[in-house]
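work-v1.cif follows (mmCIF, C-alpha atoms):
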```
data_run
loop_
_atom_site.label_atom_id
_atom_site.label_comp_id
_atom_site.auth_asym_id
_atom_site.auth_seq_id
_atom_site.Cartn_x
_atom_site.Cartn_y
_atom_site.Cartn_z
CA MET A 1 49.25 22.37 -11.24
CA GLU A 2 48.31 22.39 -14.93
CA ASN A 3 44.59 22.50 -14.06
CA THR A 4 45.19 25.53 -11.84
CA LYS A 5 46.91 27.36 -14.70
CA LYS A 6 44.02 26.57 -17.06
CA TYR A 7 41.51 27.71 -14.45
CA ASN A 8 43.39 30.97 -13.82
CA ARG A 9 43.71 31.62 -17.56
CA LYS A 10 39.96 30.96 -18.05
CA ARG A 11 39.09 33.19 -15.10
CA THR A 12 41.30 35.98 -16.44
CA LEU A 13 39.63 35.70 -19.85
CA ASP A 14 36.16 35.77 -18.22
CA ILE A 15 36.99 38.93 -16.27
CA THR A 16 38.49 40.55 -19.36
CA VAL A 17 35.40 39.78 -21.46
CA MET A 18 33.15 41.12 -18.70
CA ALA A 19 35.20 44.34 -18.61
CA MET A 20 34.98 44.70 -22.39
CA VAL A 21 31.22 44.14 -22.38
CA LEU A 22 30.91 46.64 -19.52
CA ALA A 23 32.83 49.19 -21.62
CA ILE A 24 30.63 48.50 -24.68
CA ARG A 25 27.50 48.93 -22.56
CA LEU A 26 28.77 52.20 -21.09
CA VAL A 27 29.50 53.55 -24.58
CA MET A 28 26.03 52.49 -25.81
CA GLU A 29 24.43 54.13 -22.78
CA MET A 30 26.35 57.37 -23.43
CA LEU A 31 25.04 57.75 -26.98
CA PRO A 32 22.46 60.52 -27.07
CA ALA A 33 18.87 59.32 -26.69
CA ILE A 34 15.99 60.73 -28.67
CA LYS A 35 13.66 62.30 -26.10
CA PHE A 36 9.91 62.77 -26.40
CA GLY A 37 8.95 65.02 -23.52
CA LEU A 38 10.03 64.21 -19.98
CA TYR A 39 8.78 60.64 -19.75
CA VAL A 40 9.83 58.89 -22.96
CA GLN A 41 13.17 58.40 -24.69
CA ILE A 42 14.58 56.05 -27.31
CA GLY A 43 18.19 55.06 -26.74
CA PHE A 44 20.71 52.46 -27.79
CA GLY A 45 21.41 50.88 -24.41
CA PHE A 46 19.34 47.83 -25.33
CA ILE A 47 22.09 46.78 -27.77
CA GLY A 48 24.70 46.65 -25.03
CA ALA A 49 22.28 44.89 -22.68
CA ALA A 50 21.57 42.20 -25.28
CA ILE A 51 25.29 41.78 -26.04
CA ALA A 52 25.91 41.31 -22.31
CA GLY A 53 23.18 38.67 -22.16
CA VAL A 54 24.55 36.79 -25.18
CA MET A 55 28.18 36.92 -24.07
CA LEU A 56 27.91 36.60 -20.28
CA GLY A 57 24.71 34.79 -19.35
CA PRO A 58 22.03 35.98 -16.96
CA TRP A 59 23.91 36.56 -13.71
CA ARG A 60 26.98 38.22 -15.17
CA ALA A 61 24.79 40.32 -17.49
CA ALA A 62 22.76 41.40 -14.44
CA LEU A 63 25.95 42.39 -12.61
CA VAL A 64 27.16 44.34 -15.63
CA GLY A 65 23.74 46.04 -15.82
CA ILE A 66 24.04 47.17 -12.20
CA LEU A 67 27.57 48.49 -12.77
CA VAL A 68 26.59 50.28 -15.99
CA ASP A 69 23.68 52.01 -14.26
CA ILE A 70 25.83 53.21 -11.37
CA LEU A 71 28.90 54.14 -13.45
CA GLY A 72 26.76 55.70 -16.18
CA ASN A 73 25.18 58.07 -13.65
CA PHE A 74 28.63 58.92 -12.32
CA PHE A 75 30.19 59.52 -15.77
CA ARG A 76 27.24 61.60 -16.99
CA GLY A 77 27.46 63.72 -13.84
CA GLU A 78 23.93 62.73 -12.82
CA SER A 79 24.77 61.41 -9.37
CA GLY A 80 22.08 63.70 -7.94
CA GLN A 81 19.53 61.96 -10.19
CA PHE A 82 20.53 58.42 -9.24
CA PHE A 83 17.55 56.22 -8.39
CA ILE A 84 18.02 52.62 -7.23
CA GLY A 85 14.86 51.54 -9.04
CA TYR A 86 16.55 51.96 -12.42
CA THR A 87 19.46 49.89 -11.13
CA PHE A 88 17.00 47.13 -10.31
CA THR A 89 15.54 47.43 -13.81
CA ALA A 90 19.05 47.04 -15.28
CA LEU A 91 19.50 43.89 -13.18
CA VAL A 92 16.19 42.42 -14.40
CA GLY A 93 16.96 43.33 -18.02
CA GLY A 94 20.33 41.57 -17.78
CA LEU A 95 18.68 38.49 -16.33
CA ILE A 96 16.08 38.39 -19.11
CA TYR A 97 18.52 38.92 -21.98
CA GLY A 98 20.95 36.45 -20.44
CA TYR A 99 18.37 33.77 -19.81
CA PHE A 100 16.83 33.94 -23.28
CA LEU A 101 19.92 34.64 -25.41
CA TYR A 102 22.90 32.97 -23.69
CA LYS A 103 24.02 29.80 -25.49
CA ARG A 104 20.74 29.65 -27.41
CA PRO A 105 20.03 29.90 -31.12
CA LEU A 106 19.89 33.60 -31.93
CA ARG A 107 16.89 33.45 -34.25
CA TRP A 108 14.45 36.34 -34.52
CA GLU A 109 11.83 34.46 -32.49
CA GLN A 110 14.20 34.01 -29.54
CA ILE A 111 15.42 37.60 -29.77
CA GLY A 112 11.85 38.88 -30.13
CA LEU A 113 10.76 36.99 -27.02
CA ALA A 114 13.61 38.49 -24.99
CA VAL A 115 12.85 42.00 -26.29
CA LEU A 116 9.12 41.51 -25.61
CA LEU A 117 9.76 40.48 -22.00
CA VAL A 118 12.16 43.38 -21.41
CA THR A 119 9.60 45.73 -22.98
CA ILE A 120 6.74 44.49 -20.78
CA PHE A 121 8.50 43.94 -17.46
CA CYS A 122 11.31 46.52 -17.57
CA ASN A 123 10.19 49.36 -19.85
CA LEU A 124 6.43 49.42 -19.37
CA GLY A 125 6.39 47.84 -15.91
CA LEU A 126 9.26 48.78 -13.64
CA ASN A 127 10.42 51.95 -15.39
CA SER A 128 6.87 53.31 -15.51
CA ILE A 129 6.60 52.75 -11.75
CA TRP A 130 9.91 54.58 -11.22
CA VAL A 131 8.83 57.52 -13.43
CA HIS A 132 5.56 57.72 -11.48
CA MET A 133 7.40 57.63 -8.14
CA MET A 134 9.89 60.29 -9.18
CA THR A 135 7.49 62.68 -10.91
CA GLN A 136 4.24 62.01 -9.00
CA LYS A 137 2.45 62.10 -12.38
CA ALA A 138 -0.59 59.88 -12.77
CA PHE A 139 -0.19 56.70 -14.80
CA THR A 140 -2.92 57.97 -17.12
CA VAL A 141 -0.62 60.87 -17.99
CA ILE A 142 2.63 58.95 -18.54
CA MET A 143 1.45 55.63 -19.95
CA PRO A 144 -0.10 56.50 -23.34
CA LEU A 145 3.14 57.89 -24.79
CA ARG A 146 5.21 55.16 -23.11
CA ILE A 147 2.99 52.46 -24.61
CA LEU A 148 3.20 54.05 -28.07
CA LYS A 149 7.00 54.34 -27.85
CA ASN A 150 7.33 50.69 -26.82
CA MET A 151 4.95 49.52 -29.56
CA ILE A 152 7.28 51.21 -32.04
CA SER A 153 10.55 50.16 -30.42
CA LEU A 154 9.61 46.48 -29.91
CA PRO A 155 9.84 45.48 -33.61
CA LEU A 156 12.70 47.93 -34.23
CA ASN A 157 14.82 46.57 -31.35
CA THR A 158 14.05 43.01 -32.41
CA ALA A 159 15.09 43.74 -36.01
CA ILE A 160 18.27 45.57 -34.98
CA LEU A 161 19.36 42.77 -32.65
CA THR A 162 18.47 40.09 -35.22
CA VAL A 163 20.62 41.79 -37.85
CA LEU A 164 23.44 42.35 -35.35
CA PHE A 165 23.51 38.76 -34.11
CA SER A 166 23.23 37.28 -37.61
CA ASN A 167 26.33 39.19 -38.71
CA LYS A 168 29.17 36.77 -39.47
CA THR A 169 31.78 38.78 -37.54
CA MET A 170 29.49 39.07 -34.51
CA LYS A 171 28.82 35.32 -34.58
CA THR A 172 32.57 34.67 -34.60
CA LEU A 173 33.13 37.03 -31.66
CA ILE A 174 30.32 35.44 -29.68
CA GLU A 175 31.63 31.92 -30.24
CA LYS A 176 35.22 32.88 -29.47
CA TYR A 177 34.68 35.04 -26.37
CA ARG A 178 31.42 33.91 -24.78
CA VAL A 179 32.17 33.07 -21.13
#
```
What does the file become when written as structure tokens?
Amino acid sequence: MENTKKYNRKRTLDITVMAMVLAIRLVMEMLPAIKFGLYVQIGFGFIGAAIAGVMLGPWRAALVGILVDILGNFFRGESGQFFIGYTFTALVGGLIYGYFLYKRPLRWEQIGLAVLLVTIFCNLGLNSIWVHMMTQKAFTVIMPLRILKNMISLPLNTAILTVLFSNKTMKTLIEKYRV
């Protein structure tokens, strides 16, 4: 009986933490992005995605990524612009951040590796395919600016996440609430 109570309490805490991380990710996604034309934007969603990976692990972070993509489209009133490809990208990003940052030392090298893989596979890979499919623009048209943006954002995102995860308060929150 006592083990059941502990399990239920742990499960309730896990669900609560997932809901809080989901809310943080939604807020980060709602912050205005800096747009460069139609094909490139710099946003703050990567912070929420990395927090989900650190706090929840790969599979839960992937689930939160899927929910954030769907709910974000709904809350922004962009249901007509919903594209399942971006939902898949959110899933892959959650898996990458979760695999490389969950219960691992959060040093700049580890963070940089996670950001590099998200940049290559999600931003330059999958998202470029989705932009091409949706706009019918040639890769030679969309890729130069996307590559430049990601060359700039790679070290910036790494630095921002390194500073965030080295913060004493953030470390305490991670240790206390990581599921």
### Task
Tell me which protein, DNA and RNA residues are within 9 Å of Ser166 (chain A), counting only C-alpha atoms, leaving out same-chain ones fewer than 5 positions away, and put them as a list in words.
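That gives Leu106, Arg107, Leu161 and Lys171 of chain A.
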#### Entry: Distance criterion (only C-alpha atoms): nearest to Leu101 (chain A) out of A:Thr162, A:Gly53, A:Ile174, A:Ile47
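Closest residue, counting only C-alpha atoms: A:Gly53.
Restricting the calculation to all atoms listed in the file, the smallest distance between Glu29 (chain A) and any of A:Thr12, A:Thr140, A:Asn167, A:Asn73 is found for A:Asn73.
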### Query
Hey, which of A:Val17, A:Leu124, A:Ile111, A:Leu63 ends up closest to Leu148 (chain A)? Count only C-alpha atoms.
A:Leu124
### Task
Mind listing whatever residues come within 7 Å of the point (13.9, 50.4, -13.4)? Use only C-alpha atoms, file coordinates, and give them as a list in words.
Gly85, Tyr86, Thr87, Phe88, Thr89, Ala90, Cys122, Leu126, Asn127 and Trp130 of chain A
### Task
Pick out the closest residue to Leu67 (chain A) from this set: A:Met55, A:Val131, A:Val21, A:Val179. Count only C-alpha atoms.
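Once distances to Leu67 (chain A) are computed over only C-alpha atoms, the minimum belongs to A:Val21.
Between CA of Glu175 (chain A) and CA of Phe121 (chain A) there is a distance of 29.0 Å.
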### Query
So which residues fall inside 12 Å of (33.2, 46.5, -16.5) if we count only C-alpha atoms? Mind giving them as a ChimeraX atom specification?
/A:14-27,52,56,60-72
### Message
Can you spell out as a PyMOL selection string the set of residues that the PyMOL selection byres ((chain A and resi 100) around 12) selects in the structure I just provided?
### Response
chain A and resi 50-58+61+93-99+101-118
### Reference answer for the PyMOL selection byres ((chain A and resi 149) around 12), as a list in words
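Selected by the PyMOL selection byres ((chain A and resi 149) around 12) here: Ile34, Lys35, Phe36, Gly37, Tyr39, Val40, Gln41, Ile42, Gly43, Thr119, Asn123, Leu124, Ile142, Met143, Pro144, Leu145, Arg146, Ile147, Leu148, Asn150, Met151, Ile152, Ser153, Leu154, Pro155, Leu156 and Asn157 of chain A.
For the atom pair formed by CA of Leu13 (chain A) and CA of Phe75 (chain A), the distance is 25.9 Å, given to one decimal.
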